[in-house]
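The structure appears below as structure tokens.
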Amino acid sequence: MTSVRVDKQHDGSEAAEDGSGEGYQRGLGARQIQMIAIGGAIGTGLFLGAGKGISKAGPSLILAYAIAGLVIFFIMRALGELLMYRPVSGSFSEYAREFIGPFAGFVTGWTYWLFWVVTGITEVTAAATYMTYWWDIPQWISALVFTVILFGANLISVKLFGELEFWFSMVKVTAIIGMILICAGILTIGFSDAGETASVTHLWADGGFFPKGIGGTLMTLQLVMFAFLAVELVGVTAGESKDPEKTLPKAINTVPWRIAVFYVGALIMILSVVPWTHFQPGVSPFVAAFEKMGLGVGAAIVNFVVLTAALSSCNSGMYSTGRMLRDLALNGQGPKAFTRLTRSGTPLIGTAFSAGLMLVGVWINYQWPGDAFNYVVSFATISGMWAWIMILVSQLRYRARADRGELPQSPFKAPGAPWTSWFALLFIGMVIVMMGIDKDARVSLYCAPLWALILGVSYLVLKNRNPEGAAFTRR
């Protein structure tokens, strides 16, 4: 494994050097890394999106989350193998550049950056909408305030980002565990308005476990995979983790129980208390469950939790976009201005550029909330899965070279690889096919060729300017 050197910055703080000249401070501890990993798998896709999934597939959505969760674990273990070979902040963009080629790294870096910018726009807009539940204030004011606060937190230090993400994730985790315990109490003791009808038989009594057939379950896979987007964010923290060799494997190995508890466990409990036929698209299953229980305060609680989830996603977006832009710039595939760090080791220019685009996006969404903007938003799903594909392909190529003795073996090998990696790739391919069949999700595939054309032209322009540059030659 490539060694990681720790040097002293000019201000006396520690900076991590892995040979790529990253220069970041290792300010994220085990507690923060664990919560970033947990929080990355819990977002609005669960709190809000699960309602649509339940209406489409019924109780079988539980199985969809379980199978997709297994695939996510395969992806994360593939990423973990790469991270322990060479822990860098550029993460999958850097690995794509090394094991697939310069163009793959270029596309991955810029696509993942766009994914988080688009996600940040939608999440900060959603957060402003959630605020109107309590106060009748213009949405643009809330969006502006949230963006400025999160930008400031990311600019001060990586430790403050980690602390914010820790508490954001704590709120989400506490909410889900609280819901599970309440549902367990209803099933065993029978309190609340739902006590008389609550039963695990709801999982198969109302039309069976597959009330919409296997096809209905398959059509929810894109919703399920969307819910898991951002779980790979822990890989971006590699360059700023205090002890990546210990904290990252531990965080990745928690993926199975996180999914088992927060997705599978929560849905089993909710669907046992409230029949699946009571859920509607666009309505949070958590809100619907609280209403069925007769707990009027539930709507306010869920609104606060969803607000927290949106801010957490926007916070993560600002963090990752700055690092991804800097990695591209360090490799000659982005403007040199993005390489600059503040005294506290944060990428000022890249983060400010991304935050500015998020604000512009919020304004566009406010002025023209029509179909054109929805086309852009839908691109988030396919661009997020592109990062997963690059992780898997990079891991397959790395493992082949390591097995031939060309590279050192990773101390954190992905179990079952390469077969598990191939299975994950085939599963993602099936999800993309399902997206093409579903008219509501198909729009995301229309944006991909346009983005690919923009990236292809940009790459050729940069390469023509510096054809012998390191950014355009295979390592």
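Simple scheme: letters A, B, ... for chains in structure tokens order, numbers from 1 for residues in each chain, numbers from 1 for ligands in the order shown.
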Could I get the residues of region 388-457 of chain A with an atom no further than 10 Å from an atom of region 107-117 of chain A, each paired with its nearest atom pair and that distance in Å to one decimal, using only C-alpha atoms, sorted by chain and residue number, as CSV?
residue,atom,partner,partner_atom,distance
A:Trp388,CA,A:Thr108,CA,9.9
A:Ile389,CA,A:Thr108,CA,9.7
A:Met390,CA,A:Thr108,CA,7.4
A:Ile391,CA,A:Thr108,CA,9.8
A:Ala448,CA,A:Thr111,CA,9.9
A:Trp451,CA,A:Thr111,CA,8.4
A:Ala452,CA,A:Val107,CA,8.0
A:Leu455,CA,A:Val107,CA,6.6
A:Gly456,CA,A:Val107,CA,8.3
Extract, using only C-alpha atoms, all DNA, RNA and protein residues at most 12 Å from Gly185 (chain A), discarding same-chain residues fewer than 4 positions from it, and format them as a PyMOL selection string.
chain A and resi 178-181+189-192+194-195+198-199+269-270+272-273+293
Could you turn the residues from that selection into a file that holds N, CA, C and O atoms, as a compact mmCIF listing (two decimals), in the first residue's frame?
# COMPACT_ATOMS: atom_id res chain seq x y z
N GLY A 178 -36.26 5.76 16.67
CA GLY A 178 -37.46 6.08 17.44
C GLY A 178 -38.71 5.50 16.79
O GLY A 178 -39.58 4.94 17.48
N MET A 179 -38.81 5.62 15.46
CA MET A 179 -39.96 5.06 14.75
C MET A 179 -40.01 3.54 14.91
O MET A 179 -41.08 2.96 15.14
N ILE A 180 -38.86 2.88 14.79
CA ILE A 180 -38.81 1.42 14.94
C ILE A 180 -39.27 1.00 16.33
O ILE A 180 -40.06 0.06 16.50
N LEU A 181 -38.82 1.72 17.36
CA LEU A 181 -39.20 1.37 18.74
C LEU A 181 -40.68 1.62 18.98
O LEU A 181 -41.35 0.82 19.66
N ILE A 189 -47.44 -4.26 22.54
CA ILE A 189 -48.29 -3.78 23.63
C ILE A 189 -49.66 -3.34 23.11
O ILE A 189 -50.67 -3.49 23.79
N GLY A 190 -49.70 -2.81 21.91
CA GLY A 190 -50.96 -2.44 21.31
C GLY A 190 -51.46 -1.05 21.62
O GLY A 190 -52.65 -0.77 21.50
N PHE A 191 -50.55 -0.12 22.01
CA PHE A 191 -51.01 1.23 22.31
C PHE A 191 -51.21 2.03 21.02
O PHE A 191 -50.83 1.60 19.95
N SER A 192 -51.82 3.19 21.15
CA SER A 192 -52.13 4.14 20.07
C SER A 192 -53.34 3.66 19.26
O SER A 192 -53.84 2.54 19.42
N ALA A 194 -53.46 2.75 16.27
CA ALA A 194 -53.15 1.65 15.34
C ALA A 194 -52.98 0.31 16.06
O ALA A 194 -52.77 -0.71 15.41
N GLY A 195 -53.08 0.31 17.38
CA GLY A 195 -52.80 -0.90 18.14
C GLY A 195 -53.72 -2.07 17.82
O GLY A 195 -53.28 -3.23 17.82
N ALA A 198 -52.70 -3.37 14.07
CA ALA A 198 -51.29 -3.63 13.74
C ALA A 198 -50.99 -5.12 13.77
O ALA A 198 -51.37 -5.83 14.72
N SER A 199 -50.31 -5.60 12.74
CA SER A 199 -49.95 -7.02 12.67
C SER A 199 -48.94 -7.24 11.55
O SER A 199 -49.01 -6.59 10.50
N MET A 269 -41.31 -2.62 10.04
CA MET A 269 -42.09 -2.13 11.16
C MET A 269 -43.25 -1.25 10.71
O MET A 269 -44.39 -1.40 11.16
N ILE A 270 -42.97 -0.30 9.80
CA ILE A 270 -44.01 0.62 9.35
C ILE A 270 -45.13 -0.12 8.63
O ILE A 270 -46.32 0.12 8.86
N SER A 272 -45.96 -3.17 8.97
CA SER A 272 -46.69 -4.05 9.89
C SER A 272 -47.73 -3.27 10.68
O SER A 272 -48.78 -3.81 11.04
N VAL A 273 -47.47 -2.03 10.94
CA VAL A 273 -48.39 -1.18 11.70
C VAL A 273 -49.46 -0.58 10.78
O VAL A 273 -50.64 -0.49 11.13
N MET A 293 -51.24 6.32 13.70
CA MET A 293 -51.08 6.08 15.13
C MET A 293 -51.83 7.11 15.98
O MET A 293 -51.97 6.94 17.19
Per residue of region 109-203 of chain A within 7 Å of region 312-320 of chain A, which atom pair is closest and at what distance in Å (one decimal), using only C-alpha atoms, listed by chain and increasing number, as a tab-separated table?
residue	atom	partner	partner_atom	distance
A:Trp116	CA	A:Gly317	CA	4.8
A:Val117	CA	A:Gly317	CA	6.5
A:Gly120	CA	A:Cys314	CA	4.6
A:Glu123	CA	A:Cys314	CA	6.0
A:Val124	CA	A:Cys314	CA	6.3
A:Leu150	CA	A:Asn315	CA	5.9
A:Phe151	CA	A:Met318	CA	6.9
A:Asn154	CA	A:Tyr319	CA	6.4
A:Glu165	CA	A:Ser312	CA	6.2
A:Phe168	CA	A:Ser312	CA	5.8
Can you write just those residues out, all heavy atoms, as an mmCIF file, in the first residue's frame?
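For reference, out-v4.cif as written:
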data_model
loop_
_atom_site.group_PDB
_atom_site.id
_atom_site.type_symbol
_atom_site.label_atom_id
_atom_site.label_comp_id
_atom_site.auth_asym_id
_atom_site.auth_seq_id
_atom_site.Cartn_x
_atom_site.Cartn_y
_atom_site.Cartn_z
ATOM 1 N N TRP A 116 -23.304 16.532 -7.453
ATOM 2 C CA TRP A 116 -23.477 17.181 -6.164
ATOM 3 C C TRP A 116 -23.976 18.616 -6.292
ATOM 4 O O TRP A 116 -24.693 19.115 -5.413
ATOM 5 C CB TRP A 116 -22.182 17.133 -5.356
ATOM 6 C CG TRP A 116 -22.057 15.866 -4.575
ATOM 7 C CD1 TRP A 116 -21.124 14.877 -4.735
ATOM 8 C CD2 TRP A 116 -22.898 15.433 -3.503
ATOM 9 N NE1 TRP A 116 -21.329 13.862 -3.839
ATOM 10 C CE2 TRP A 116 -22.418 14.180 -3.061
ATOM 11 C CE3 TRP A 116 -24.016 15.982 -2.871
ATOM 12 C CZ2 TRP A 116 -23.022 13.472 -2.020
ATOM 13 C CZ3 TRP A 116 -24.614 15.275 -1.835
ATOM 14 C CH2 TRP A 116 -24.114 14.035 -1.428
ATOM 15 N N VAL A 117 -23.617 19.292 -7.376
ATOM 16 C CA VAL A 117 -24.158 20.641 -7.591
ATOM 17 C C VAL A 117 -25.671 20.572 -7.800
ATOM 18 O O VAL A 117 -26.438 21.319 -7.178
ATOM 19 C CB VAL A 117 -23.478 21.321 -8.797
ATOM 20 C CG1 VAL A 117 -24.231 22.589 -9.183
ATOM 21 C CG2 VAL A 117 -22.032 21.670 -8.461
ATOM 22 N N GLY A 120 -27.282 19.567 -4.606
ATOM 23 C CA GLY A 120 -27.283 20.692 -3.680
ATOM 24 C C GLY A 120 -28.383 21.690 -3.997
ATOM 25 O O GLY A 120 -29.048 22.223 -3.094
ATOM 26 N N GLU A 123 -31.716 20.098 -2.964
ATOM 27 C CA GLU A 123 -31.856 19.921 -1.518
ATOM 28 C C GLU A 123 -32.019 21.249 -0.785
ATOM 29 O O GLU A 123 -32.814 21.361 0.153
ATOM 30 C CB GLU A 123 -30.660 19.149 -0.953
ATOM 31 C CG GLU A 123 -30.518 17.730 -1.466
ATOM 32 C CD GLU A 123 -31.605 16.790 -0.954
ATOM 33 O OE1 GLU A 123 -32.608 17.263 -0.400
ATOM 34 O OE2 GLU A 123 -31.456 15.565 -1.124
ATOM 35 N N VAL A 124 -31.266 22.273 -1.202
ATOM 36 C CA VAL A 124 -31.409 23.562 -0.513
ATOM 37 C C VAL A 124 -32.756 24.191 -0.871
ATOM 38 O O VAL A 124 -33.374 24.885 -0.045
ATOM 39 C CB VAL A 124 -30.241 24.506 -0.863
ATOM 40 C CG1 VAL A 124 -30.401 25.126 -2.238
ATOM 41 C CG2 VAL A 124 -30.108 25.600 0.195
ATOM 42 N N LEU A 150 -23.867 26.983 5.368
ATOM 43 C CA LEU A 150 -23.134 25.754 5.056
ATOM 44 C C LEU A 150 -21.823 26.055 4.337
ATOM 45 O O LEU A 150 -20.813 25.372 4.567
ATOM 46 C CB LEU A 150 -24.013 24.838 4.199
ATOM 47 C CG LEU A 150 -25.267 24.298 4.896
ATOM 48 C CD1 LEU A 150 -26.094 23.460 3.930
ATOM 49 C CD2 LEU A 150 -24.896 23.478 6.122
ATOM 50 N N PHE A 151 -21.821 27.063 3.480
ATOM 51 C CA PHE A 151 -20.577 27.466 2.812
ATOM 52 C C PHE A 151 -19.558 27.940 3.846
ATOM 53 O O PHE A 151 -18.383 27.563 3.796
ATOM 54 C CB PHE A 151 -20.863 28.572 1.805
ATOM 55 C CG PHE A 151 -19.619 29.193 1.217
ATOM 56 C CD1 PHE A 151 -18.776 28.463 0.408
ATOM 57 C CD2 PHE A 151 -19.296 30.511 1.498
ATOM 58 C CE1 PHE A 151 -17.626 29.024 -0.135
ATOM 59 C CE2 PHE A 151 -18.156 31.085 0.966
ATOM 60 C CZ PHE A 151 -17.316 30.348 0.150
ATOM 61 N N ASN A 154 -18.112 24.969 5.749
ATOM 62 C CA ASN A 154 -17.139 24.224 4.950
ATOM 63 C C ASN A 154 -15.844 24.998 4.772
ATOM 64 O O ASN A 154 -14.772 24.409 4.607
ATOM 65 C CB ASN A 154 -17.734 23.892 3.577
ATOM 66 C CG ASN A 154 -18.529 22.612 3.570
ATOM 67 O OD1 ASN A 154 -18.005 21.539 3.303
ATOM 68 N ND2 ASN A 154 -19.806 22.713 3.896
ATOM 69 N N GLU A 165 -22.002 17.365 9.986
ATOM 70 C CA GLU A 165 -22.526 16.139 9.400
ATOM 71 C C GLU A 165 -22.815 15.103 10.485
ATOM 72 O O GLU A 165 -23.755 14.306 10.372
ATOM 73 C CB GLU A 165 -21.532 15.589 8.378
ATOM 74 C CG GLU A 165 -22.138 14.642 7.358
ATOM 75 C CD GLU A 165 -23.292 15.268 6.593
ATOM 76 O OE1 GLU A 165 -23.283 16.493 6.344
ATOM 77 O OE2 GLU A 165 -24.223 14.524 6.256
ATOM 78 N N PHE A 168 -26.191 16.208 11.956
ATOM 79 C CA PHE A 168 -27.242 15.973 10.973
ATOM 80 C C PHE A 168 -27.593 14.482 10.924
ATOM 81 O O PHE A 168 -28.768 14.096 10.923
ATOM 82 C CB PHE A 168 -26.795 16.438 9.583
ATOM 83 C CG PHE A 168 -26.844 17.926 9.381
ATOM 84 C CD1 PHE A 168 -25.966 18.549 8.499
ATOM 85 C CD2 PHE A 168 -27.765 18.715 10.051
ATOM 86 C CE1 PHE A 168 -26.015 19.926 8.292
ATOM 87 C CE2 PHE A 168 -27.817 20.084 9.858
ATOM 88 C CZ PHE A 168 -26.940 20.694 8.981
#
Using only C-alpha atoms, find the one residue out of A:Arg77, A:Phe47, A:Ile214, A:Gly332 that sits nearest to Val287 (chain A).
A:Phe47
Report as a list in words all protein, DNA and RNA residues lying within 10 Å of Glu245 (chain A), evaluated on only C-alpha atoms, omitting residues in the same chain fewer than 5 positions from it.
Val4, Gly80, Leu83, Met84, Tyr85, Arg86, Pro87, Ala238, Lys250, Pro411 and Phe412 of chain A
Given the selection you just returned, output its residues as a file containing N, CA, C and O atoms, formatted as a CSV table (one decimal), in the first residue's frame.
chain,number,residue,atom,x,y,z
A,4,VAL,N,1.4,6.9,3.5
A,4,VAL,CA,0.8,8.3,3.7
A,4,VAL,C,1.7,9.1,4.6
A,4,VAL,O,2.0,8.7,5.7
A,80,GLY,N,-13.4,0.3,-0.8
A,80,GLY,CA,-12.5,0.1,0.3
A,80,GLY,C,-11.2,-0.5,-0.1
A,80,GLY,O,-10.2,-0.1,0.4
A,83,LEU,N,-9.3,2.3,-1.6
A,83,LEU,CA,-8.9,3.3,-0.6
A,83,LEU,C,-7.7,2.8,0.2
A,83,LEU,O,-6.8,3.6,0.6
A,84,MET,N,-7.6,1.5,0.5
A,84,MET,CA,-6.5,1.0,1.3
A,84,MET,C,-5.3,0.8,0.5
A,84,MET,O,-4.2,0.8,1.0
A,85,TYR,N,-5.4,0.7,-0.8
A,85,TYR,CA,-4.3,0.7,-1.7
A,85,TYR,C,-3.7,2.1,-1.8
A,85,TYR,O,-2.4,2.3,-1.7
A,86,ARG,N,-4.5,3.1,-1.9
A,86,ARG,CA,-4.0,4.5,-2.0
A,86,ARG,C,-5.1,5.5,-1.5
A,86,ARG,O,-6.0,5.8,-2.3
A,87,PRO,N,-5.2,5.9,-0.3
A,87,PRO,CA,-6.2,6.8,0.2
A,87,PRO,C,-6.0,8.2,-0.2
A,87,PRO,O,-5.1,8.9,0.2
A,238,ALA,N,-11.2,10.3,2.4
A,238,ALA,CA,-10.0,9.5,2.6
A,238,ALA,C,-8.8,10.4,2.8
A,238,ALA,O,-7.9,10.1,3.7
A,250,LYS,N,-13.7,0.2,8.9
A,250,LYS,CA,-14.7,0.1,9.9
A,250,LYS,C,-16.0,0.7,9.4
A,250,LYS,O,-17.1,0.1,9.6
A,411,PRO,N,-4.7,-4.4,1.8
A,411,PRO,CA,-5.0,-5.1,3.0
A,411,PRO,C,-6.5,-5.3,3.3
A,411,PRO,O,-6.8,-5.9,4.3
A,412,PHE,N,-7.3,-4.7,2.5
A,412,PHE,CA,-8.8,-4.7,2.7
A,412,PHE,C,-9.4,-5.2,1.5
A,412,PHE,O,-10.1,-4.4,0.8
